[in-house]
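Coordinates as given in input_22.txt (compact mmCIF, C-alpha atoms and all ligand atoms):
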```
# COMPACT_ATOMS: atom_id res chain seq x y z
CA MET A 44 -1.05 -19.84 30.42
CA VAL A 45 -0.30 -16.17 29.68
CA SER A 46 -0.36 -14.99 26.10
CA VAL A 47 1.86 -12.02 25.39
CA TYR A 48 2.42 -10.88 21.83
CA LEU A 49 5.86 -9.37 21.32
CA ASN A 50 6.24 -9.75 17.58
CA ASN A 51 4.79 -6.48 16.28
CA ALA A 52 7.73 -6.03 13.90
CA ALA A 53 6.38 -9.04 11.98
CA THR A 54 2.80 -7.76 12.05
CA THR A 55 0.95 -5.63 14.56
CA TRP A 56 -1.53 -7.45 16.78
CA PRO A 57 -4.16 -6.96 17.96
CA LYS A 58 -5.65 -4.70 15.33
CA PRO A 59 -8.09 -1.99 16.38
CA PRO A 60 -11.51 -3.75 16.48
CA CYS A 61 -12.90 -1.49 13.71
CA VAL A 62 -10.50 -3.14 11.22
CA GLY A 63 -12.08 -6.60 11.43
CA GLU A 64 -15.56 -5.11 11.58
CA SER A 65 -15.01 -3.12 8.38
CA LEU A 66 -13.75 -6.20 6.52
CA SER A 67 -16.78 -8.17 7.56
CA THR A 68 -19.18 -5.36 6.61
CA PHE A 69 -17.53 -4.92 3.22
CA LEU A 70 -17.72 -8.62 2.41
CA SER A 71 -21.25 -9.10 3.68
CA ARG A 72 -22.92 -5.85 2.62
CA GLY A 73 -20.68 -3.96 0.16
CA GLY A 74 -18.37 -6.07 -1.93
CA ALA A 75 -18.60 -4.38 -5.35
CA ASN A 76 -15.51 -4.37 -7.56
CA LEU A 77 -13.62 -1.15 -8.30
CA GLY A 78 -14.68 0.71 -11.45
CA ARG A 79 -16.08 -2.48 -13.00
CA GLY A 80 -19.82 -1.90 -12.48
CA THR A 81 -22.28 0.97 -12.72
CA SER A 82 -22.95 3.82 -10.33
CA SER A 83 -25.00 1.70 -7.93
CA SER A 84 -24.62 2.51 -4.26
CA ARG A 85 -22.46 -0.60 -3.83
CA ASP A 86 -20.20 0.46 -6.70
CA MET A 87 -19.98 4.00 -5.36
CA GLY A 88 -19.30 2.67 -1.86
CA THR A 89 -16.24 0.78 -3.09
CA LEU A 90 -15.08 3.71 -5.22
CA ASN A 91 -15.35 6.13 -2.30
CA SER A 92 -13.59 3.83 0.15
CA VAL A 93 -10.66 3.35 -2.23
CA LEU A 94 -10.42 7.08 -2.92
CA ASP A 95 -10.67 7.87 0.81
CA CYS A 96 -7.93 5.40 1.62
CA ARG A 97 -5.61 6.85 -1.04
CA THR A 98 -6.34 10.39 0.18
CA ARG A 99 -5.70 9.52 3.82
CA LEU A 100 -2.45 7.71 3.01
CA ALA A 101 -1.30 10.66 0.91
CA GLN A 102 -2.00 12.95 3.89
CA LEU A 103 -0.30 10.68 6.41
CA LEU A 104 2.77 9.89 4.32
CA GLY A 105 3.26 13.27 2.65
CA GLY A 106 2.05 12.56 -0.87
CA TYR A 107 3.09 14.79 -3.77
CA GLU A 108 1.12 17.84 -4.95
CA ASP A 109 -0.60 18.43 -1.62
CA GLY A 110 -1.46 14.80 -1.20
CA ASP A 111 -3.01 14.13 -4.61
CA PRO A 112 -4.58 10.67 -4.10
CA ARG A 113 -3.71 9.55 -7.64
CA TYR A 114 -0.08 9.32 -6.62
CA VAL A 115 -0.73 6.56 -4.09
CA THR A 116 -0.94 3.12 -5.70
CA PHE A 117 -1.94 -0.11 -4.01
CA CYS A 118 -0.35 -3.54 -4.16
CA SER A 119 -0.08 -6.46 -1.73
CA ASN A 120 2.66 -5.31 0.62
CA VAL A 121 5.91 -3.37 0.80
CA THR A 122 7.79 -6.26 -0.82
CA GLU A 123 5.67 -5.98 -3.93
CA GLY A 124 5.93 -2.17 -3.84
CA LEU A 125 9.72 -2.37 -3.74
CA ASN A 126 9.73 -4.91 -6.59
CA ILE A 127 7.50 -2.64 -8.67
CA VAL A 128 9.88 0.28 -8.17
CA LEU A 129 13.24 -1.51 -8.41
CA ARG A 130 12.44 -3.93 -11.20
CA GLY A 131 10.45 -1.35 -13.11
CA PHE A 132 13.14 1.33 -12.98
CA LEU A 133 16.56 -0.34 -12.97
CA ARG A 134 17.85 -1.45 -16.35
CA PRO A 135 21.08 -3.20 -17.45
CA GLY A 136 24.08 -0.91 -16.99
CA MET A 137 22.45 1.06 -14.16
CA LYS A 138 23.74 1.07 -10.60
CA ALA A 139 21.82 0.99 -7.32
CA LEU A 140 23.08 1.67 -3.81
CA ALA A 141 21.52 0.26 -0.64
CA SER A 142 22.67 -0.18 2.94
CA CYS A 143 23.68 -3.40 4.63
CA MET A 144 20.61 -3.08 6.88
CA GLU A 145 18.15 -3.95 4.11
CA HIS A 146 15.46 -6.60 4.31
CA ASN A 147 15.39 -9.39 1.72
CA SER A 148 12.56 -7.43 0.09
CA VAL A 149 15.33 -5.14 -1.21
CA ILE A 150 18.27 -7.58 -1.28
CA ARG A 151 16.54 -10.22 -3.40
CA PRO A 152 15.15 -7.92 -6.12
CA LEU A 153 18.60 -6.30 -6.36
CA ARG A 154 20.36 -9.68 -6.55
CA THR A 155 17.87 -10.71 -9.25
CA LEU A 156 18.59 -7.51 -11.16
CA GLU A 157 22.35 -8.12 -10.88
CA ARG A 158 21.86 -11.19 -13.07
CA LEU A 159 20.38 -8.89 -15.71
CA GLY A 160 23.35 -6.53 -15.66
CA VAL A 161 22.39 -4.01 -12.96
CA LYS A 162 25.25 -3.12 -10.61
CA THR A 163 24.58 -2.93 -6.90
CA GLU A 164 26.49 -1.96 -3.79
CA PHE A 165 25.45 -2.49 -0.18
CA LEU A 166 27.04 0.22 1.93
CA PRO A 167 28.52 -0.53 5.36
CA CYS A 168 26.86 0.86 8.50
CA SER A 169 28.07 1.70 11.99
CA PRO A 170 28.08 -1.07 14.64
CA GLU A 171 24.64 0.26 15.64
CA GLY A 172 23.28 -0.14 12.11
CA GLU A 173 23.39 3.50 11.05
CA LEU A 174 24.32 4.52 7.51
CA GLY A 175 26.69 7.46 7.92
CA PRO A 176 26.04 10.47 5.66
CA GLU A 177 29.72 10.52 4.70
CA THR A 178 29.53 6.86 3.60
CA LEU A 179 26.63 7.70 1.28
CA SER A 180 28.24 10.91 -0.02
CA LYS A 181 31.50 9.08 -0.75
CA ALA A 182 29.72 6.26 -2.58
CA LEU A 183 27.73 8.75 -4.66
CA SER A 184 30.85 10.70 -5.58
CA LYS A 185 32.67 7.56 -6.78
CA GLY A 186 30.81 7.22 -10.03
CA ARG A 187 27.53 6.30 -11.62
CA CYS A 188 24.54 5.81 -9.35
CA ASP A 189 20.98 5.68 -10.66
CA LEU A 190 19.01 4.96 -7.50
CA VAL A 191 19.40 4.64 -3.74
CA VAL A 192 17.08 2.41 -1.74
CA LEU A 193 17.05 2.34 2.06
CA ALA A 194 15.09 0.81 4.90
CA HIS A 195 13.97 3.71 7.09
CA ALA A 196 14.31 1.53 10.22
CA SER A 197 16.00 -1.81 10.67
CA ASN A 198 13.68 -4.72 11.38
CA VAL A 199 16.57 -6.39 13.25
CA CYS A 200 17.82 -3.79 15.72
CA GLY A 201 15.32 -0.93 15.31
CA THR A 202 17.89 1.69 14.25
CA VAL A 203 16.24 4.55 12.34
CA GLN A 204 18.30 6.10 9.55
CA ASP A 205 18.69 9.87 9.54
CA VAL A 206 16.50 10.13 6.48
CA GLU A 207 16.41 13.95 6.36
CA VAL A 208 20.19 14.09 5.96
CA LEU A 209 20.44 11.06 3.65
CA ALA A 210 17.60 12.36 1.46
CA SER A 211 19.24 15.77 1.14
CA ILE A 212 22.46 14.10 0.00
CA CYS A 213 20.52 12.17 -2.66
CA ARG A 214 18.66 15.32 -3.74
CA ASP A 215 21.94 17.25 -4.08
CA ALA A 216 23.37 14.41 -6.17
CA GLY A 217 20.19 14.24 -8.28
CA VAL A 218 19.73 10.55 -7.46
CA PRO A 219 16.24 9.14 -6.77
CA LEU A 220 15.80 7.81 -3.23
CA VAL A 221 13.35 4.99 -2.50
CA LEU A 222 12.38 4.45 1.13
CA ASP A 223 11.20 1.16 2.65
CA THR A 224 8.96 2.31 5.51
CA ALA A 225 7.89 -1.17 6.67
CA GLN A 226 8.94 -0.46 10.26
CA THR A 227 8.04 3.23 10.42
CA ALA A 228 4.82 4.06 8.50
CA GLY A 229 2.16 4.75 11.13
CA THR A 230 4.76 4.97 13.86
CA LEU A 231 6.99 7.88 12.84
CA SER A 232 5.95 10.97 10.96
CA LEU A 233 6.84 10.80 7.27
CA ASP A 234 6.72 13.30 4.42
CA ALA A 235 7.60 11.82 1.05
CA ALA A 236 7.25 15.11 -0.85
CA ALA A 237 9.23 17.20 1.66
CA LEU A 238 12.02 14.61 1.59
CA GLY A 239 11.90 14.60 -2.20
CA LEU A 240 11.57 10.81 -2.28
CA ALA A 241 11.19 9.14 -5.66
CA ALA A 242 8.97 6.54 -4.02
CA LEU A 243 7.90 5.68 -0.50
CA CYS A 244 6.94 2.01 -0.17
CA PHE A 245 4.63 1.00 2.68
CA THR A 246 2.95 -2.07 4.07
CA GLY A 247 -0.50 -1.90 5.63
CA HIS A 248 -0.27 -4.60 8.30
CA LYS A 249 2.45 -3.25 10.59
CA GLY A 250 2.40 0.26 12.08
CA LEU A 251 -0.51 1.27 9.86
CA MET A 252 -2.57 -1.33 11.80
CA GLY A 253 -4.41 -2.66 8.74
CA PRO A 254 -4.91 -6.24 7.60
CA GLN A 255 -2.27 -8.33 5.84
CA GLY A 256 -2.15 -8.29 2.04
CA ILE A 257 -2.33 -4.56 1.41
CA GLY A 258 0.50 -2.10 0.85
CA GLY A 259 1.60 0.31 -1.79
CA VAL A 260 3.74 3.12 -3.09
CA VAL A 261 3.56 6.90 -2.68
CA TRP A 262 5.06 8.21 -5.91
CA ASN A 263 6.85 11.24 -7.12
CA PRO A 264 4.69 11.43 -10.29
CA GLU A 265 7.64 12.38 -12.53
CA PHE A 266 9.67 9.40 -11.31
CA ALA A 267 6.65 7.09 -11.71
CA LEU A 268 6.64 7.75 -15.46
CA LYS A 269 10.16 6.29 -15.68
CA VAL A 270 9.04 3.04 -14.03
CA ASP A 271 7.69 0.26 -16.25
CA PRO A 272 4.72 -1.56 -14.69
CA LEU A 273 5.51 -5.14 -13.59
CA VAL A 274 1.95 -6.26 -14.17
CA THR A 275 -0.30 -5.10 -16.99
CA GLY A 276 -3.98 -5.77 -17.57
CA GLY A 277 -7.48 -4.55 -16.83
CA THR A 278 -7.90 -1.42 -14.75
CA GLY A 279 -11.63 -0.76 -15.22
CA SER A 280 -10.58 2.36 -17.14
CA TYR A 281 -9.40 3.33 -20.66
CA SER A 282 -10.82 0.01 -21.88
CA HIS A 283 -10.43 1.08 -25.54
CA VAL A 284 -6.63 1.25 -25.12
CA GLU A 285 -4.67 -1.96 -25.63
CA PHE A 286 -1.59 -0.79 -23.71
CA GLN A 287 -1.32 -0.14 -19.98
CA PRO A 288 -2.51 3.42 -19.24
CA GLU A 289 0.30 5.81 -18.35
CA GLU A 290 -1.85 7.61 -15.78
CA LEU A 291 -1.54 7.03 -12.06
CA PRO A 292 -2.87 5.12 -10.24
CA ASP A 293 -3.96 2.86 -13.15
CA ARG A 294 -0.37 2.46 -14.41
CA PHE A 295 0.51 0.19 -11.48
CA GLU A 296 -2.88 -1.29 -10.60
CA ALA A 297 -3.81 -3.95 -13.15
CA GLY A 298 -6.31 -6.52 -11.91
CA THR A 299 -8.84 -6.37 -9.09
CA PRO A 300 -7.14 -4.95 -6.02
CA ASN A 301 -7.39 -6.29 -2.46
CA LEU A 302 -10.56 -4.34 -1.72
CA PRO A 303 -11.24 -5.86 1.72
CA GLY A 304 -7.63 -4.97 2.55
CA ILE A 305 -8.11 -1.36 1.42
CA VAL A 306 -11.35 -1.06 3.39
CA GLY A 307 -9.66 -2.53 6.49
CA LEU A 308 -6.71 -0.18 6.10
CA LEU A 309 -9.09 2.77 5.81
CA ALA A 310 -10.73 1.76 9.11
CA ALA A 311 -7.28 1.55 10.68
CA LEU A 312 -6.49 5.05 9.40
CA ASP A 313 -9.76 6.30 10.94
CA TRP A 314 -8.63 4.78 14.23
CA MET A 315 -5.21 6.40 13.83
CA ASP A 316 -6.86 9.79 13.23
CA GLU A 317 -8.72 9.49 16.50
CA VAL A 318 -5.79 8.24 18.54
CA THR A 319 -3.27 10.41 16.64
CA LEU A 320 0.11 9.40 15.29
CA GLU A 321 1.81 11.42 18.03
CA ALA A 322 0.05 9.39 20.74
CA VAL A 323 0.96 6.12 19.03
CA ALA A 324 4.60 7.22 18.71
CA GLU A 325 4.67 8.33 22.34
CA ARG A 326 3.19 5.07 23.62
CA GLU A 327 5.59 2.99 21.51
CA ARG A 328 8.49 5.03 22.81
CA ALA A 329 7.38 4.62 26.41
CA ILE A 330 6.82 0.87 26.18
CA GLY A 331 10.10 0.53 24.28
CA ALA A 332 11.98 2.47 26.95
CA PHE A 333 10.46 0.30 29.68
CA LEU A 334 11.48 -2.91 27.90
CA LEU A 335 14.92 -1.60 26.98
CA ASP A 336 15.63 -0.60 30.56
CA GLY A 337 14.74 -4.11 31.74
CA LEU A 338 16.73 -5.84 28.98
CA LEU A 339 19.86 -3.86 29.81
CA LYS A 340 19.67 -5.08 33.42
CA ILE A 341 19.68 -8.76 32.46
CA GLU A 342 23.09 -10.28 33.01
CA GLY A 343 24.82 -11.54 29.89
CA LEU A 344 22.26 -10.05 27.45
CA GLN A 345 24.10 -8.82 24.33
CA LEU A 346 21.89 -6.16 22.77
CA GLN A 347 22.23 -5.27 19.08
CA GLY A 348 21.91 -1.64 18.05
CA ARG A 349 21.33 1.44 20.15
CA ARG A 350 21.13 1.30 23.93
CA THR A 351 18.71 4.25 24.23
CA MET A 352 15.40 5.07 22.54
CA GLU A 353 17.08 7.89 20.62
CA GLY A 354 16.93 7.18 16.86
CA ARG A 355 15.25 3.81 17.16
CA VAL A 356 11.87 2.11 17.04
CA PRO A 357 10.90 -0.48 19.70
CA VAL A 358 12.47 -3.46 17.92
CA PHE A 359 15.11 -5.15 20.08
CA SER A 360 17.37 -8.05 19.17
CA PHE A 361 19.81 -9.80 21.44
CA ASN A 362 21.75 -12.95 22.20
CA PHE A 363 23.14 -14.76 25.22
CA GLU A 364 26.56 -16.37 24.90
CA GLY A 365 26.21 -20.12 24.45
CA ILE A 366 22.40 -20.11 24.09
CA ASP A 367 20.67 -20.85 20.81
CA ASN A 368 18.18 -18.04 20.16
CA GLY A 369 15.76 -20.50 18.51
CA ILE A 370 15.70 -22.72 21.59
CA LEU A 371 15.27 -19.69 23.85
CA ALA A 372 12.35 -18.48 21.71
CA ASP A 373 10.79 -21.93 21.94
CA VAL A 374 11.11 -22.01 25.74
CA LEU A 375 9.52 -18.55 25.92
CA SER A 376 6.79 -19.56 23.51
CA ARG A 377 5.86 -22.51 25.73
CA LYS A 378 5.47 -20.00 28.56
CA GLY A 379 3.15 -17.87 26.38
CA PHE A 380 5.54 -15.20 25.02
CA GLU A 381 5.60 -14.70 21.26
CA THR A 382 8.93 -13.44 19.90
CA ARG A 383 10.91 -14.01 16.69
CA PRO A 384 14.29 -15.76 16.56
CA GLY A 385 16.64 -16.20 13.60
CA LEU A 386 17.77 -13.98 10.78
CA HIS A 387 14.60 -11.89 10.29
CA CYS A 388 14.94 -11.95 6.45
CA ALA A 389 17.95 -9.64 6.82
CA PRO A 390 21.16 -11.66 6.36
CA LEU A 391 23.36 -8.66 5.55
CA ALA A 392 22.21 -6.83 8.69
CA HIS A 393 23.11 -9.84 10.82
CA LYS A 394 26.49 -10.06 9.09
CA ALA A 395 27.09 -6.38 9.87
CA LEU A 396 25.94 -6.76 13.47
CA GLY A 397 28.09 -9.89 13.98
CA SER A 398 25.22 -12.36 14.41
CA PHE A 399 25.34 -14.32 11.15
CA PRO A 400 24.43 -17.17 10.70
CA GLN A 401 22.91 -17.81 14.11
CA GLY A 402 20.75 -14.66 14.14
CA SER A 403 19.27 -13.29 17.34
CA LEU A 404 16.09 -13.19 19.38
CA ARG A 405 13.85 -10.26 18.44
CA VAL A 406 11.27 -8.75 20.75
CA SER A 407 8.96 -6.01 19.49
CA PRO A 408 6.18 -4.58 21.66
CA GLY A 409 3.48 -2.44 20.10
CA TYR A 410 0.92 0.21 20.87
CA PHE A 411 -1.34 -2.27 22.68
CA THR A 412 1.38 -3.91 24.81
CA LYS A 413 0.82 -3.33 28.53
CA ASP A 414 3.53 -2.58 31.11
CA PRO A 415 2.73 -5.72 33.21
CA GLU A 416 3.21 -7.85 30.08
CA ILE A 417 6.73 -6.46 29.74
CA THR A 418 7.42 -7.09 33.42
CA SER A 419 6.32 -10.72 33.15
CA PHE A 420 8.32 -11.14 29.93
CA LEU A 421 11.50 -9.84 31.57
CA THR A 422 11.03 -12.31 34.45
CA ALA A 423 10.34 -15.18 32.04
CA LEU A 424 13.38 -14.27 29.94
CA THR A 425 15.68 -14.19 32.98
CA GLU A 426 14.32 -17.52 34.25
CA SER A 427 14.46 -19.18 30.83
CA VAL A 428 18.12 -18.21 30.37
CA ARG A 429 18.89 -19.60 33.84
CA GLU A 430 17.06 -22.85 33.01
CA LEU A 431 18.95 -23.26 29.74
CA ARG A 432 22.28 -22.56 31.43
CA ARG A 433 21.53 -25.27 34.03
CA GLU A 434 20.77 -27.93 31.38
C1 LIG A 501 12.33 -3.34 6.81
C2 LIG A 501 11.34 -4.28 6.18
N1 LIG A 501 11.20 -4.27 4.86
C3 LIG A 501 10.32 -5.09 4.24
C4 LIG A 501 9.53 -5.96 4.96
C5 LIG A 501 8.56 -6.84 4.22
O1 LIG A 501 7.24 -6.56 4.61
P1 LIG A 501 6.01 -7.28 3.87
O2 LIG A 501 6.16 -8.74 4.19
O3 LIG A 501 4.81 -6.68 4.48
O4 LIG A 501 6.16 -7.03 2.44
C6 LIG A 501 9.66 -6.01 6.33
C7 LIG A 501 8.87 -6.98 7.11
O5 LIG A 501 9.24 -7.41 8.17
C8 LIG A 501 10.57 -5.15 6.97
O6 LIG A 501 10.72 -5.13 8.29
```
Same coordinates, now as structure tokens:
Amino acid sequence: MVSVYLNNAATTWPKPPCVGESLSTFLSRGGANLGRGTSSSRDMGTLNSVLDCRTRLAQLLGGYEDGDPRYVTFCSNVTEGLNIVLRGFLRPGMKALASCMEHNSVIRPLRTLERLGVKTEFLPCSPEGELGPETLSKALSKGRCDLVVLAHASNVCGTVQDVEVLASICRDAGVPLVLDTAQTAGTLSLDAAALGLAALCFTGHKGLMGPQGIGGVVWNPEFALKVDPLVTGGTGSYSHVEFQPEELPDRFEAGTPNLPGIVGLLAALDWMDEVTLEAVAERERAIGAFLLDGLLKIEGLQLQGRRTMEGRVPVFSFNFEGIDNGILADVLSRKGFETRPGLHCAPLAHKALGSFPQGSLRVSPGYFTKDPEITSFLTALTESVRELRRE
């Protein structure tokens, strides 16, 4: 049976081989904790890898003060990064704006904060999932707003928000903007400092090609001081002080970090340096265009979001009238094609796109997807729909 992975929006696969190799080397030959030993070569090895990884992320994502590595902090994933920012900054009486295209990693922390007296508003988007600049401007002019949080690209329909324009509106209004780059870091070029973001939250296991369990935040250092840490504890530094250090990165990094994850992410960034972000973006665009072209030719396929590659990443969701997307995904899975049906942790996006509660079938190729795999998927999809219609 064929095996074709078309679920890169959930996590990229395969990873560049150097990622697994670096994890194995770290665990078998390195393995020292961070700042909790001496200056042995193993201790220094860990220290240098962590510093390198911070530095490289700051360069790739446009960290503040010419990519000062201190302003990149690690946590488990973008969900935790968003929780650190939202729950650490928003206090009772404050108001946060988001779009209706957010993932539950934004919706759920905001709903939790609502119970504590934070006001929230999820702004409507166009039928293609785009947040219009005028919608944001109008909402900001209506009254108090303390923070805006947005997904850079939708994990349902792939629509990329016009972040330059939206960020300039937030800057003009003096409102901190937090960006969820789960679907864009490592795929699109990003510059947190140039955009004036308060915080850019990233996850290591998608476009950045690293292992699962590592992510973080690129901070505007002034904003970071207004955010209370969610977790406090040992940092391997300032051990004489009984309160959490104010300094970055220690402020948000209590407890032993996911060091194998950081080392694996660093290897992925090395790979990215060699291949280049531009080449990755170009390949993803090409494979996306090839798939999109084929999808649009399939009779009865109702595509969500944009019908060209302009302003989108290669994440495609669709439905067929009268066919359950979960059953279709199962039929495809038995033929060897891995997709993702359902609501994709984004109920408001599906409501906005008219596919709640049934959801849709999502297909997301990646850098390593080959053209013939897309061709065989398109054939299998057409045949599977025919089979289900006959039943
Ligand atoms: C837009 C968006 N935000 C947040 C997340 C959550 O990512 P993680 O599970 O790595 O925290 C995802 C994952 O699919 C996503 O697509």
**Request:** Counting only C-alpha atoms and all ligand atoms, name the residues that have an atom within 10 Å of an atom of ligand LIG 501 (chain A); the answer should be given as JSON, numbers by chain.
**Result:** {"A": [51, 52, 53, 54, 118, 119, 120, 121, 122, 123, 124, 125, 126, 144, 145, 146, 147, 148, 149, 150, 193, 194, 195, 196, 197, 198, 199, 201, 222, 223, 224, 225, 226, 227, 244, 245, 246, 247, 248, 249, 255, 256, 257, 258, 259, 358, 387, 388, 389]}
**Message:** Need the shell around Arg214 (chain A): protein/DNA/RNA residues with any atom at most 12 Å away, counting only C-alpha atoms. Skip same-chain ones fewer than 5 positions apart. Format as a PyMOL selection string?
**Reply:** chain A and resi 180+183+190-191+206-209+219-221+236-241
**Request:** Kindly indicate which residue among A:Val192, A:Cys96, A:Val270, A:Cys143 lies nearest to Glu173 (chain A), using all atoms listed in the file for the distances.
**Result:** A:Cys143
**Item:** Near-Gly385 (chain A) list (9 Å; all atoms listed in the file; drop same-chain fewer than 3 positions) as an NGL selection string
**Value:** :A and (368-369 or 388 or 400-405)
**Exercise: Gly136 (chain A) partners within 8 Å, only C-alpha atoms, chain neighbours under 3 positions left out, as an NGL selection string** = :A and (160-162)
Spatial neighbours of region 379-383 of chain A, 6 Å, only C-alpha atoms, chain gap at least 5 places, as a compact mmCIF listing (two decimals) with C-alpha atoms, in the frame of the given file:
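Below you can see selection-v9.txt, which holds the result:
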```
# COMPACT_ATOMS: atom_id res chain seq x y z
CA VAL A 45 -0.30 -16.17 29.68
CA SER A 46 -0.36 -14.99 26.10
CA VAL A 47 1.86 -12.02 25.39
CA TYR A 48 2.42 -10.88 21.83
CA LEU A 49 5.86 -9.37 21.32
CA ASN A 50 6.24 -9.75 17.58
CA LEU A 404 16.09 -13.19 19.38
CA ARG A 405 13.85 -10.26 18.44
CA VAL A 406 11.27 -8.75 20.75
```
**Asked** So which one's closest to Ser169 (chain A), A:Ala395, A:Cys61, A:Val261, A:Ala322? Using only C-alpha atoms, please.
**Response** A:Ala395
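Minimum atom-to-atom distances from A:Leu391, A:Ala332, A:Leu344, A:Leu302 to Ser67 (chain A) were compared using all atoms listed in the file, and the lowest value belongs to A:Leu302.
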What are the centre and edge lengths in Å, to one decimal, of the axis-aligned box around all listed atoms of region 169-174 of chain A with 6 Å added on each side, as lines of an AutoDock Vina configuration file?
```
center_x = 25.7
center_y = 1.7
center_z = 11.6
size_x = 16.8
size_y = 17.6
size_z = 20.1
```
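Distances from A:Cys200, A:Glu317, A:Phe266, A:Pro292 to Gly217 (chain A) were compared using all atoms listed in the file, and the smallest one belongs to A:Phe266.
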